[in-house]
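K.L.:
The structure is given below, and queries will be raised subsequently.
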Amino acid sequence: MARYLISFNDGSMDHIPAEELPDVGKASHAVVEEAVDAGVWVFGTGLERQQASIVGTDGTVTDGPYPETREVIGGFAVVDVATRDDALAWAAKLAAACRCAQEVREIMPDRYPDEP
């Protein structure tokens, strides 16, 4: 099994009229419930629309990407699935529910010094 990050950019759902957002919420929660029932759900959430802070290696804190830029993640899910195709299938379900495209990236496995 491998873990995949499924994410969308901040602002990707701005095209959805406010009165339709409850339906989007219900649809996305239904996909989450399906993923939980399938045993593949790890974690996911939306992110507050706010400016990020960047902490440098020396501890210096600077302003990060602004929400208006394309680099800011608006929300994400982490699934633990057997194949990339499985991750893409879950991303397709989330894309349909959230009405916006989803990016899929494999998460590197944790390796501790005592693991092979």
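Following the order of the structure tokens, first chain is A, next is B, and so on, with residues numbered from 1 inside each chain and ligands from 1 in the order they appear.
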Hey, what's within 12 Å of Glu106 in chain A if we count only C-alpha atoms and toss same-chain stuff fewer than 4 positions away? As a ChimeraX atom specification, please?

P.N.:
/A:1-7,77-88

K.L.:
Emit the selected residues as a compact mmCIF listing (two decimals), in the first residue's frame, including all heavy atoms.

P.N.:
```txt
# COMPACT_ATOMS: atom_id res chain seq x y z
N MET A 1 0.84 -1.18 0.00
CA MET A 1 0.00 0.00 0.00
C MET A 1 0.89 1.25 0.00
O MET A 1 1.97 1.25 0.57
CB MET A 1 -0.91 0.02 1.23
CG MET A 1 -1.86 -1.17 1.33
SD MET A 1 -3.19 -1.13 0.14
CE MET A 1 -4.41 -0.21 1.04
N ALA A 2 0.40 2.27 -0.63
CA ALA A 2 1.11 3.55 -0.68
C ALA A 2 0.13 4.67 -0.35
O ALA A 2 -1.08 4.54 -0.58
CB ALA A 2 1.71 3.77 -2.06
N ARG A 3 0.66 5.73 0.19
CA ARG A 3 -0.17 6.88 0.50
C ARG A 3 -0.03 7.92 -0.60
O ARG A 3 1.06 8.14 -1.12
CB ARG A 3 0.22 7.47 1.85
CG ARG A 3 -0.18 6.55 2.99
CD ARG A 3 0.03 7.18 4.32
NE ARG A 3 -0.54 6.30 5.35
CZ ARG A 3 -0.53 6.57 6.62
NH1 ARG A 3 0.01 7.68 7.06
NH2 ARG A 3 -1.06 5.72 7.48
N TYR A 4 -1.17 8.54 -0.90
CA TYR A 4 -1.22 9.57 -1.93
C TYR A 4 -1.88 10.81 -1.39
O TYR A 4 -2.87 10.73 -0.65
CB TYR A 4 -2.01 9.08 -3.16
CG TYR A 4 -1.28 8.03 -3.95
CD1 TYR A 4 -1.34 6.69 -3.59
CD2 TYR A 4 -0.51 8.39 -5.06
CE1 TYR A 4 -0.65 5.72 -4.32
CE2 TYR A 4 0.17 7.43 -5.79
CZ TYR A 4 0.09 6.11 -5.41
OH TYR A 4 0.78 5.15 -6.13
N LEU A 5 -1.33 11.96 -1.77
CA LEU A 5 -1.92 13.24 -1.45
C LEU A 5 -2.79 13.65 -2.63
O LEU A 5 -2.32 13.68 -3.77
CB LEU A 5 -0.82 14.29 -1.24
CG LEU A 5 -1.30 15.73 -1.05
CD1 LEU A 5 -2.00 15.87 0.30
CD2 LEU A 5 -0.11 16.68 -1.14
N ILE A 6 -4.05 13.90 -2.36
CA ILE A 6 -4.98 14.40 -3.37
C ILE A 6 -5.33 15.81 -2.93
O ILE A 6 -5.83 16.01 -1.82
CB ILE A 6 -6.25 13.52 -3.44
CG1 ILE A 6 -5.88 12.07 -3.77
CG2 ILE A 6 -7.24 14.08 -4.45
CD1 ILE A 6 -7.04 11.09 -3.64
N SER A 7 -5.04 16.81 -3.77
CA SER A 7 -5.23 18.19 -3.33
C SER A 7 -5.79 19.05 -4.45
O SER A 7 -5.77 18.68 -5.62
CB SER A 7 -3.90 18.78 -2.85
OG SER A 7 -2.96 18.83 -3.91
N ALA A 77 -6.65 15.54 0.74
CA ALA A 77 -6.99 14.25 1.33
C ALA A 77 -5.76 13.36 1.19
O ALA A 77 -5.01 13.48 0.23
CB ALA A 77 -8.17 13.61 0.62
N VAL A 78 -5.59 12.48 2.15
CA VAL A 78 -4.54 11.47 2.07
C VAL A 78 -5.23 10.11 2.09
O VAL A 78 -6.02 9.84 2.99
CB VAL A 78 -3.53 11.58 3.23
CG1 VAL A 78 -2.49 10.47 3.16
CG2 VAL A 78 -2.84 12.95 3.22
N VAL A 79 -4.94 9.32 1.07
CA VAL A 79 -5.50 7.97 0.99
C VAL A 79 -4.36 6.96 0.96
O VAL A 79 -3.27 7.25 0.49
CB VAL A 79 -6.43 7.78 -0.24
CG1 VAL A 79 -7.66 8.67 -0.14
CG2 VAL A 79 -5.69 8.06 -1.54
N ASP A 80 -4.65 5.78 1.48
CA ASP A 80 -3.67 4.69 1.51
C ASP A 80 -4.23 3.58 0.64
O ASP A 80 -5.17 2.88 1.05
CB ASP A 80 -3.49 4.22 2.96
CG ASP A 80 -2.30 3.30 3.14
OD1 ASP A 80 -1.59 3.02 2.16
OD2 ASP A 80 -2.08 2.85 4.28
N VAL A 81 -3.69 3.44 -0.56
CA VAL A 81 -4.24 2.53 -1.56
C VAL A 81 -3.16 1.66 -2.18
O VAL A 81 -1.97 1.94 -2.04
CB VAL A 81 -4.99 3.31 -2.66
CG1 VAL A 81 -6.23 4.00 -2.10
CG2 VAL A 81 -4.10 4.34 -3.32
N ALA A 82 -3.58 0.63 -2.89
CA ALA A 82 -2.64 -0.34 -3.46
C ALA A 82 -1.89 0.21 -4.68
O ALA A 82 -0.72 -0.10 -4.88
CB ALA A 82 -3.37 -1.62 -3.84
N THR A 83 -2.56 1.04 -5.49
CA THR A 83 -1.94 1.49 -6.74
C THR A 83 -2.23 2.95 -7.02
O THR A 83 -3.17 3.54 -6.47
CB THR A 83 -2.46 0.67 -7.95
OG1 THR A 83 -3.84 1.00 -8.15
CG2 THR A 83 -2.30 -0.83 -7.73
N ARG A 84 -1.43 3.52 -7.91
CA ARG A 84 -1.68 4.89 -8.35
C ARG A 84 -3.04 4.99 -9.02
O ARG A 84 -3.76 5.99 -8.85
CB ARG A 84 -0.57 5.34 -9.30
CG ARG A 84 -0.74 6.78 -9.76
CD ARG A 84 0.46 7.27 -10.56
NE ARG A 84 0.34 8.68 -10.87
CZ ARG A 84 0.58 9.67 -10.04
NH1 ARG A 84 0.99 9.42 -8.82
NH2 ARG A 84 0.43 10.93 -10.41
N ASP A 85 -3.42 3.97 -9.77
CA ASP A 85 -4.74 3.97 -10.42
C ASP A 85 -5.86 4.07 -9.38
O ASP A 85 -6.87 4.74 -9.61
CB ASP A 85 -4.93 2.74 -11.30
CG ASP A 85 -4.14 2.82 -12.60
OD1 ASP A 85 -3.74 3.94 -13.00
OD2 ASP A 85 -3.91 1.76 -13.21
N ASP A 86 -5.68 3.40 -8.24
CA ASP A 86 -6.67 3.51 -7.16
C ASP A 86 -6.74 4.94 -6.64
O ASP A 86 -7.82 5.48 -6.40
CB ASP A 86 -6.32 2.56 -6.00
CG ASP A 86 -6.48 1.10 -6.37
OD1 ASP A 86 -7.21 0.78 -7.33
OD2 ASP A 86 -5.85 0.27 -5.68
N ALA A 87 -5.57 5.57 -6.48
CA ALA A 87 -5.54 6.96 -6.02
C ALA A 87 -6.22 7.88 -7.03
O ALA A 87 -6.98 8.78 -6.66
CB ALA A 87 -4.10 7.41 -5.78
N LEU A 88 -5.98 7.63 -8.31
CA LEU A 88 -6.62 8.44 -9.35
C LEU A 88 -8.13 8.26 -9.35
O LEU A 88 -8.88 9.22 -9.58
CB LEU A 88 -6.03 8.08 -10.72
CG LEU A 88 -4.55 8.43 -10.91
CD1 LEU A 88 -4.04 7.85 -12.23
CD2 LEU A 88 -4.33 9.93 -10.84
```

K.L.:
Write out as a list of chain:residue names each polymer residue whose atoms come within 10 Å of range 49-64 of chain A, counting only C-alpha atoms; drop sequence neighbours fewer than 6 positions from it.

P.N.:
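The residues that qualify are A:Asp10, A:Gly11, A:Val72, A:Ile73, A:Gly74, A:Gly75.
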
K.L.:
As JSON, numbers by chain, please: all residues of chain A that backbone DSSP puts in strand (DSSP E).

P.N.:
{"A": [2, 3, 4, 5, 6, 7, 8, 9, 41, 42, 43, 44, 45, 46, 53, 54, 55, 61, 62, 63, 73, 74, 75, 76, 77, 78, 79, 80, 81, 103, 104, 105, 106]}

K.L.:
How would you write, as JSON, numbers by chain, the set of residues in chain A that DSSP gives as alpha helix (DSSP H)?

P.N.:
{"A": [21, 22, 23, 24, 25, 26, 27, 28, 29, 30, 31, 32, 33, 34, 35, 36, 37, 38, 84, 85, 86, 87, 88, 89, 90, 91, 92, 93, 94, 95, 96, 97, 98]}

K.L.:
Output N, CA and C atoms for every residue in the selection just made, as a compact mmCIF listing (two decimals), in the first residue's frame.

P.N.:
```txt
# COMPACT_ATOMS: atom_id res chain seq x y z
N LEU A 21 -23.01 25.46 -2.25
CA LEU A 21 -21.93 24.93 -1.40
C LEU A 21 -22.41 23.85 -0.42
N PRO A 22 -23.61 23.94 0.15
CA PRO A 22 -24.06 22.83 1.00
C PRO A 22 -24.14 21.50 0.25
N ASP A 23 -24.56 21.53 -1.01
CA ASP A 23 -24.61 20.31 -1.82
C ASP A 23 -23.21 19.77 -2.09
N VAL A 24 -22.26 20.67 -2.33
CA VAL A 24 -20.88 20.27 -2.54
C VAL A 24 -20.33 19.63 -1.26
N GLY A 25 -20.64 20.23 -0.13
CA GLY A 25 -20.21 19.67 1.15
C GLY A 25 -20.77 18.28 1.38
N LYS A 26 -22.04 18.09 1.10
CA LYS A 26 -22.66 16.77 1.26
C LYS A 26 -22.02 15.75 0.33
N ALA A 27 -21.78 16.15 -0.92
CA ALA A 27 -21.19 15.23 -1.89
C ALA A 27 -19.77 14.85 -1.50
N SER A 28 -18.99 15.83 -1.05
CA SER A 28 -17.61 15.52 -0.67
C SER A 28 -17.57 14.68 0.60
N HIS A 29 -18.46 14.94 1.55
CA HIS A 29 -18.50 14.11 2.76
C HIS A 29 -18.94 12.68 2.44
N ALA A 30 -19.79 12.52 1.43
CA ALA A 30 -20.19 11.17 1.01
C ALA A 30 -18.98 10.39 0.47
N VAL A 31 -18.11 11.07 -0.29
CA VAL A 31 -16.90 10.42 -0.79
C VAL A 31 -15.98 10.05 0.37
N VAL A 32 -15.85 10.95 1.34
CA VAL A 32 -15.02 10.67 2.51
C VAL A 32 -15.57 9.44 3.25
N GLU A 33 -16.87 9.40 3.46
CA GLU A 33 -17.48 8.25 4.14
C GLU A 33 -17.23 6.96 3.36
N GLU A 34 -17.31 7.04 2.03
CA GLU A 34 -17.04 5.87 1.19
C GLU A 34 -15.58 5.43 1.36
N ALA A 35 -14.66 6.39 1.39
CA ALA A 35 -13.23 6.07 1.56
C ALA A 35 -12.96 5.48 2.95
N VAL A 36 -13.64 6.00 3.96
CA VAL A 36 -13.50 5.45 5.32
C VAL A 36 -14.00 4.01 5.32
N ASP A 37 -15.18 3.79 4.75
CA ASP A 37 -15.75 2.44 4.70
C ASP A 37 -14.86 1.47 3.92
N ALA A 38 -14.17 1.99 2.91
CA ALA A 38 -13.27 1.15 2.11
C ALA A 38 -11.93 0.92 2.80
N ARG A 84 -1.43 3.52 -7.91
CA ARG A 84 -1.68 4.89 -8.35
C ARG A 84 -3.04 4.99 -9.02
N ASP A 85 -3.42 3.97 -9.77
CA ASP A 85 -4.74 3.97 -10.42
C ASP A 85 -5.86 4.07 -9.38
N ASP A 86 -5.68 3.40 -8.24
CA ASP A 86 -6.67 3.51 -7.16
C ASP A 86 -6.74 4.94 -6.64
N ALA A 87 -5.57 5.57 -6.48
CA ALA A 87 -5.54 6.96 -6.02
C ALA A 87 -6.22 7.88 -7.03
N LEU A 88 -5.98 7.63 -8.31
CA LEU A 88 -6.62 8.44 -9.35
C LEU A 88 -8.13 8.26 -9.35
N ALA A 89 -8.58 7.05 -9.05
CA ALA A 89 -10.03 6.80 -8.98
C ALA A 89 -10.66 7.58 -7.83
N TRP A 90 -9.98 7.61 -6.67
CA TRP A 90 -10.50 8.40 -5.54
C TRP A 90 -10.45 9.89 -5.87
N ALA A 91 -9.41 10.32 -6.54
CA ALA A 91 -9.31 11.73 -6.95
C ALA A 91 -10.45 12.10 -7.88
N ALA A 92 -10.82 11.20 -8.77
CA ALA A 92 -11.93 11.46 -9.69
C ALA A 92 -13.23 11.63 -8.93
N LYS A 93 -13.43 10.81 -7.89
CA LYS A 93 -14.64 10.94 -7.07
C LYS A 93 -14.65 12.28 -6.33
N LEU A 94 -13.49 12.66 -5.80
CA LEU A 94 -13.41 13.94 -5.10
C LEU A 94 -13.58 15.11 -6.06
N ALA A 95 -13.02 15.00 -7.25
CA ALA A 95 -13.16 16.06 -8.25
C ALA A 95 -14.62 16.28 -8.61
N ALA A 96 -15.35 15.19 -8.80
CA ALA A 96 -16.77 15.31 -9.13
C ALA A 96 -17.54 15.92 -7.97
N ALA A 97 -17.24 15.48 -6.74
CA ALA A 97 -17.95 15.98 -5.57
C ALA A 97 -17.64 17.45 -5.31
N CYS A 98 -16.37 17.82 -5.42
CA CYS A 98 -15.94 19.19 -5.12
C CYS A 98 -16.06 20.14 -6.30
```
